[in-house]
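> Provided herewith is a single structure, encoded as C-alpha cells, for subsequent inquiry.
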Amino acid sequence: MTVTELVSYDEALASYDPVMGLEVHVELGTRTKMFCGCSTELGAEANSQVCPTCLGLPGALPVVNKVGVESAVRIGLALNCRIADWCRFARKNYFYPDMPKNFQTSQYDEPIAFDGYLDVQLEDGEVFRVEIERAHMEEDTGKSTHVGGATGRIHGASHSLLDYNRAGIPLIEIVTKPIQGAGERAPEVAKAYVAELRELIKALGVSEARMEMGQMRCDVNLSLRPKGAEKFGTRSETKNVNSLRSVERAARFEIQRHAAVLSSGGTIIQETRHFHEEDGSTTSGRVKEEAEDYRYFPEPDLVPVAPAREWVEELRGTLPELPRVRRMRLREEWGISEHEMQSVLNAGAVDPIVATVDAGAPADQARKWWMGELARRANEDGAELTALPITPEQVARLCALVAEGSLNDKLARQTIEGVLAGEGGPDEVVEKRGLKVVSDEGALGTAVDEAIAGNPDIAEKVRGGKIQAAGALVGAVMKATRGQADAGRAREMILEKLGVEG
Amino acid sequence: MPGISREEVAHLAKLARLELKDEELDHFAGQLDDIIGAVAAVSAVADDAAVPPTSHPLPLTNVMRPDEVRPSLTPQQALSGAPAQEQQRFKVPQILGEE
C-alpha cells in the first residue's frame with residue numbers, strides 16, 4: 001500500500017482551480033423494472049424477481065415502463081431541461097457478469113432530457129447555479145458477491161455469485177456540465193448540489209432517494225487546472241460516493257491529491273478511484289485506457305420514445321413547488337433566519353415541522369420540539385428524524401398540552417420519552433405517568449405554604465422586598481412537586497402570600 | 001473512408017475476449033473489411049436527408065406498459081440453465097486476477 005501524497009487544501013487552492021462534473025444515479029421507486037414486469041420490492045430472496053427479459057434469455061423482448069418514462073420527463077422538467085421530441089435507447093456493451101445480457105440498456109446520444117440547471121444554496125445563503133448536461137434513462141445492474149478473497153473484494157476472489165433481482169430496476173442518470181468558478185467552495189457546491197437534487201427527487205415523489213440504501217449514488221469527476229488557465233486538466237472519477245458528507249470529502253481529497261501530483265511535476269492518470277468512508281481517502285481503481293469503448297448502438301428491441309408536447313405540458317402541471325422555493329416561503333412564514341432554516345434542513349426536519357403545523361401547532365413550538373429534544377434523540381440513535389416512533393400529530397398534541405398549561409417543558413420532555421418508548425400517545429403517557437402540571441390551587445397552595453414554612457429566612461428576605469429571592473422558594477415548590485408545578489403560578493402565589501407586589 | 005484495420009480487429013477481439021492468432025487476424029480483417037464495404041455501399045445510397053436512419057423495422061413510437069407487477073420465474077427456474085450455482089445465485093468464474 002503506497003501512501004498518497006497530499007498538499008494542504010489552502011496550498012492546493014492557491015495555485016489551482018478545480019473543475020468538477022457530477023454524475024448522479026437515482027433508482028426510481030416504480031413498482032416494476034424498467035423493461036419487464038418483475039417486482040422491485042427490496043429484501044426478496046435471491047433471484048426471485050427475475051424473468052427471461054431481465055436475465056437476457058434468448059427471444060425475450062423488453063417493453064418500457066410508462067411510469068419510468070414519465071418520471072424521467074418530470075425530473076427533466078424540474079431541472080429546467082428541454083425534453084427530447086424523439087429519442088431512443090442504446091445498448092452499452094461491456095463484459096462483466098452484473099448484467100446477464102452483456103449490455104446495459106441505456107441512452108447514448110439521444111437523452112430524454114438535456115440542457116437544464118439547478119440552483120443550489122450554500123450554507124451562507126449564496127446561490128450557485130449548476131448546469132445540467134443531460135438526464136437519461138437506464139437500468140440498474142445485478143448484485144455481485146465476491147467469494148474467496150481476503151475482504152470480499154473482487155481482487156483475489158476465486159469466484160463471484162450473482163443475484164439479478166436488482167438488474168433492470170429503472171435508473172435515471174443526471175450529469176452536470178463542468179462546474180467551474182466554484183474555487184475553494186467546490187466541495188461545498190458538490191455537496192449542496194447532491195443535497196438539493198435529493199430534495200427535488202423526493203419532492204417529485206419519484207424515489208425516496210435514500211443514499212444509505214443505494215437509491216441515489218454519486219460519482220465525482222474532478223480535475224485541476226493552473227489558476228487562470230482555460231484548458232481543463234486530466235480528471236479522475238471517484239465512484240460510488242454515497243453520502244452527502246462523503247461527496248464533500250471526496251472532492252476535497254481529490255483536490256489535495258491532484259495538487260500534490262501536479263505541483264511535483266507529475267501527471268494525473270485518467271482513472272476511476274474508490275472512495276473510503278473510514279478516512280475520506282480515495283485509491284486507484286481501473287485505469288480507463290479503453291475508456292469510451294462501449295460500442296453503443298441503438299437498441300433494436302425497443303421502439304423510440306417520442307413524448308408528445310401536450311403530455312410534457314401535462315406533466316409540467318404536476319410538478320410540485322420546488323424545494324428551494326418552498327424553503328424560502330416556509331422561512332418567511334416561520335420568521336426564522338437563513339442559518340436557522342439551513343439547520344432545519346440539515347436535520348431533516350422541514351417535513352415533520354410542516355406536518356406538525358398542519359396538525360395545528362404554532363410553527364415556533366413545532367420547530368422547538370423537532371429541532372430540540374427530538375433531534376437530540378434521533379442523533380443519539382443515529383436515526384433519521386422521521387424514523388422516530390412519534391407522529392407530527394402527537395407532537396402537535398404535545399404543543400397543545402403545553403400551551404394550555406397542562407404540561408411544562410420538563411414534563412413535555414418526559415411525555416416525549418414515554419411516546420418514544422411506545423407507551424402510547426401524549427395523553428395516554430401523561431395519564432399513565434401522572435405527569436400533569438399541579439396547578440389546582442389546593443395542591444399548589446399546600447406546596448407553597450410548606451416551602452415558605454421550610455425556608456423562613458428566605459421568606460423574610462422576600463417580605464423585606466428582595467423579590468429575586470422568591471426564586472429559591474419556587475425551586476422548593478418545584479422540588480416538592482417533582483417538577484409538576486406550574487412555576488409561574490407558584491411564583492404568583494408565593495408573592496401573594498408574602499404580601500409583596502410581583 | 002470505410003473499412004477496418006487489422007489493429008481495430010485486434011482491439012475488438014480483445015474486447016470480445018476472443019483469442020485470435022496472427023493468421024486469423026489477417027483472415028478476419030480482410031473479411032470484415034469486405035462486409036463493411038458492402039454496408040458502406042448501402043449507406044452511400046441512404047446518405048441523404050430524404051432517407052432517415054432507422055433502428056427498428058416498424059414505424060412505431062411510445063410502446064409502453066403500465067407499471068404493474070407480473071409473475072417472475074422461481075429462483076429454481078431462473079437458475080435451471082446456469083452452469084454453476086451457489087447460495088441460490090449464479091456462480092461465475094474469477095472476474096479479475098491478482099493485481
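Note on naming: chains are A, B, ... as they come in the C-alpha cells, residues start from 1 per chain, ligands start from 1 in the order shown.
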Return the neighbours of chain B among the residues of chain A, cut-off 8 Å, counting only C-alpha atoms, as a VMD selection string.
chain A and resid 30 to 32 37 to 39 46 to 52 63 to 67 95 to 97 154 to 163 298 to 307
> Could you pull out all residues of chain B with a DSSP call of strand (DSSP E or B) and give them as a list in words?
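Restricting chain B to strand (DSSP E or B) produces Met64, Arg65, Gln85, Glu86, Arg89, Phe90, Lys91, Val92 and Pro93 of chain B.
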> Could you give me, as a list in words, the residues within 8 Å of A:Lys239, counting only C-alpha atoms and dropping anything in the same chain fewer than 4 positions from it?
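My reading of the contact set: Cys218, Asp219, Val220, Thr272, Arg273, His274 and Phe275 of chain A.
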> From a backbone DSSP assignment, name each residue in stretch 357-474 of chain A labelled helix (DSSP H, G or I), as a count of residues only.
86
> May I have the residues within 7 Å of stretch 342-359 of chain A as an MDAnalysis selection string, using only C-alpha atoms and disregarding those fewer than 3 positions away in the same chain?
chainID A and resid 123 338:339 362:363 366:367 370:371 385:386 392:393 395:396
> Selected residues, N, CA and C atoms, written as a PDB file, in the first residue's frame, please.

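Generated output (again31.pdb):
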```pdb
ATOM      1  N   GLU A 123     -24.334  27.177   2.454  1.00  0.00           N
ATOM      2  CA  GLU A 123     -24.632  27.411   3.873  1.00  0.00           C
ATOM      3  C   GLU A 123     -24.869  28.884   4.195  1.00  0.00           C
ATOM      4  N   GLU A 338     -31.860  32.568   7.640  1.00  0.00           N
ATOM      5  CA  GLU A 338     -31.312  31.616   6.659  1.00  0.00           C
ATOM      6  C   GLU A 338     -30.594  30.486   7.391  1.00  0.00           C
ATOM      7  N   HIS A 339     -29.813  30.913   8.376  1.00  0.00           N
ATOM      8  CA  HIS A 339     -28.993  29.957   9.102  1.00  0.00           C
ATOM      9  C   HIS A 339     -29.868  28.943   9.850  1.00  0.00           C
ATOM     10  N   PRO A 362     -48.367  25.851  16.629  1.00  0.00           N
ATOM     11  CA  PRO A 362     -47.687  27.049  16.142  1.00  0.00           C
ATOM     12  C   PRO A 362     -46.294  26.657  15.633  1.00  0.00           C
ATOM     13  N   ALA A 363     -45.826  27.330  14.570  1.00  0.00           N
ATOM     14  CA  ALA A 363     -44.566  26.960  13.934  1.00  0.00           C
ATOM     15  C   ALA A 363     -43.392  26.986  14.907  1.00  0.00           C
ATOM     16  N   ALA A 366     -43.523  23.887  17.098  1.00  0.00           N
ATOM     17  CA  ALA A 366     -43.228  22.680  16.317  1.00  0.00           C
ATOM     18  C   ALA A 366     -41.721  22.584  16.082  1.00  0.00           C
ATOM     19  N   ARG A 367     -41.144  23.730  15.716  1.00  0.00           N
ATOM     20  CA  ARG A 367     -39.712  23.752  15.420  1.00  0.00           C
ATOM     21  C   ARG A 367     -38.914  23.470  16.688  1.00  0.00           C
ATOM     22  N   TRP A 370     -39.034  19.584  17.414  1.00  0.00           N
ATOM     23  CA  TRP A 370     -38.342  18.765  16.414  1.00  0.00           C
ATOM     24  C   TRP A 370     -36.848  19.063  16.385  1.00  0.00           C
ATOM     25  N   MET A 371     -36.477  20.316  16.565  1.00  0.00           N
ATOM     26  CA  MET A 371     -35.057  20.675  16.496  1.00  0.00           C
ATOM     27  C   MET A 371     -34.352  20.484  17.832  1.00  0.00           C
ATOM     28  N   LEU A 385     -34.711  11.641  11.618  1.00  0.00           N
ATOM     29  CA  LEU A 385     -35.736  12.233  12.467  1.00  0.00           C
ATOM     30  C   LEU A 385     -37.098  11.588  12.214  1.00  0.00           C
ATOM     31  N   THR A 386     -37.388  11.371  10.936  1.00  0.00           N
ATOM     32  CA  THR A 386     -38.701  10.834  10.586  1.00  0.00           C
ATOM     33  C   THR A 386     -38.852   9.366  10.975  1.00  0.00           C
ATOM     34  N   PRO A 392     -46.160  13.602  13.721  1.00  0.00           N
ATOM     35  CA  PRO A 392     -46.368  15.051  13.797  1.00  0.00           C
ATOM     36  C   PRO A 392     -47.642  15.391  14.579  1.00  0.00           C
ATOM     37  N   GLU A 393     -48.694  14.580  14.442  1.00  0.00           N
ATOM     38  CA  GLU A 393     -49.940  14.826  15.174  1.00  0.00           C
ATOM     39  C   GLU A 393     -49.695  14.745  16.683  1.00  0.00           C
ATOM     40  N   VAL A 395     -46.836  15.300  18.179  1.00  0.00           N
ATOM     41  CA  VAL A 395     -46.046  16.474  18.589  1.00  0.00           C
ATOM     42  C   VAL A 395     -46.974  17.686  18.689  1.00  0.00           C
ATOM     43  N   ALA A 396     -47.924  17.795  17.758  1.00  0.00           N
ATOM     44  CA  ALA A 396     -48.877  18.904  17.804  1.00  0.00           C
ATOM     45  C   ALA A 396     -49.716  18.839  19.084  1.00  0.00           C
TER      46      ALA A 396
END
```
> Skip A:Arg376 itself and residues of its chain fewer than 3 positions away, then list as a PyMOL selection string all residues within 12 Å of it, counting only C-alpha atoms.
chain A and resi 347+368-373+379-385+388+413+416-417
> Between atom CA of A:Ala476 and atom CA of A:Gly499, what is the distance in Å, rounded to a tenth?
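That distance, rounded to one decimal, is 18.8 Å.
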> Could you give me, as a PyMOL selection string, the residues within 9 Å of stretch 125-137 of chain A, counting only C-alpha atoms and dropping anything in the same chain fewer than 6 positions from it?
chain A and resi 34+68-69+72-73+75-76+79-81+89+105-108+110-119+170-179+182+189+193+338-339+342
> Would you list the contacts of B:Ile4 as a PyMOL selection string, taking every protein, DNA or RNA residue within 10 Å and counting only C-alpha atoms, but skipping same-chain residues closer than 2 positions in sequence?
chain B and resi 1-2+6-9+29-37
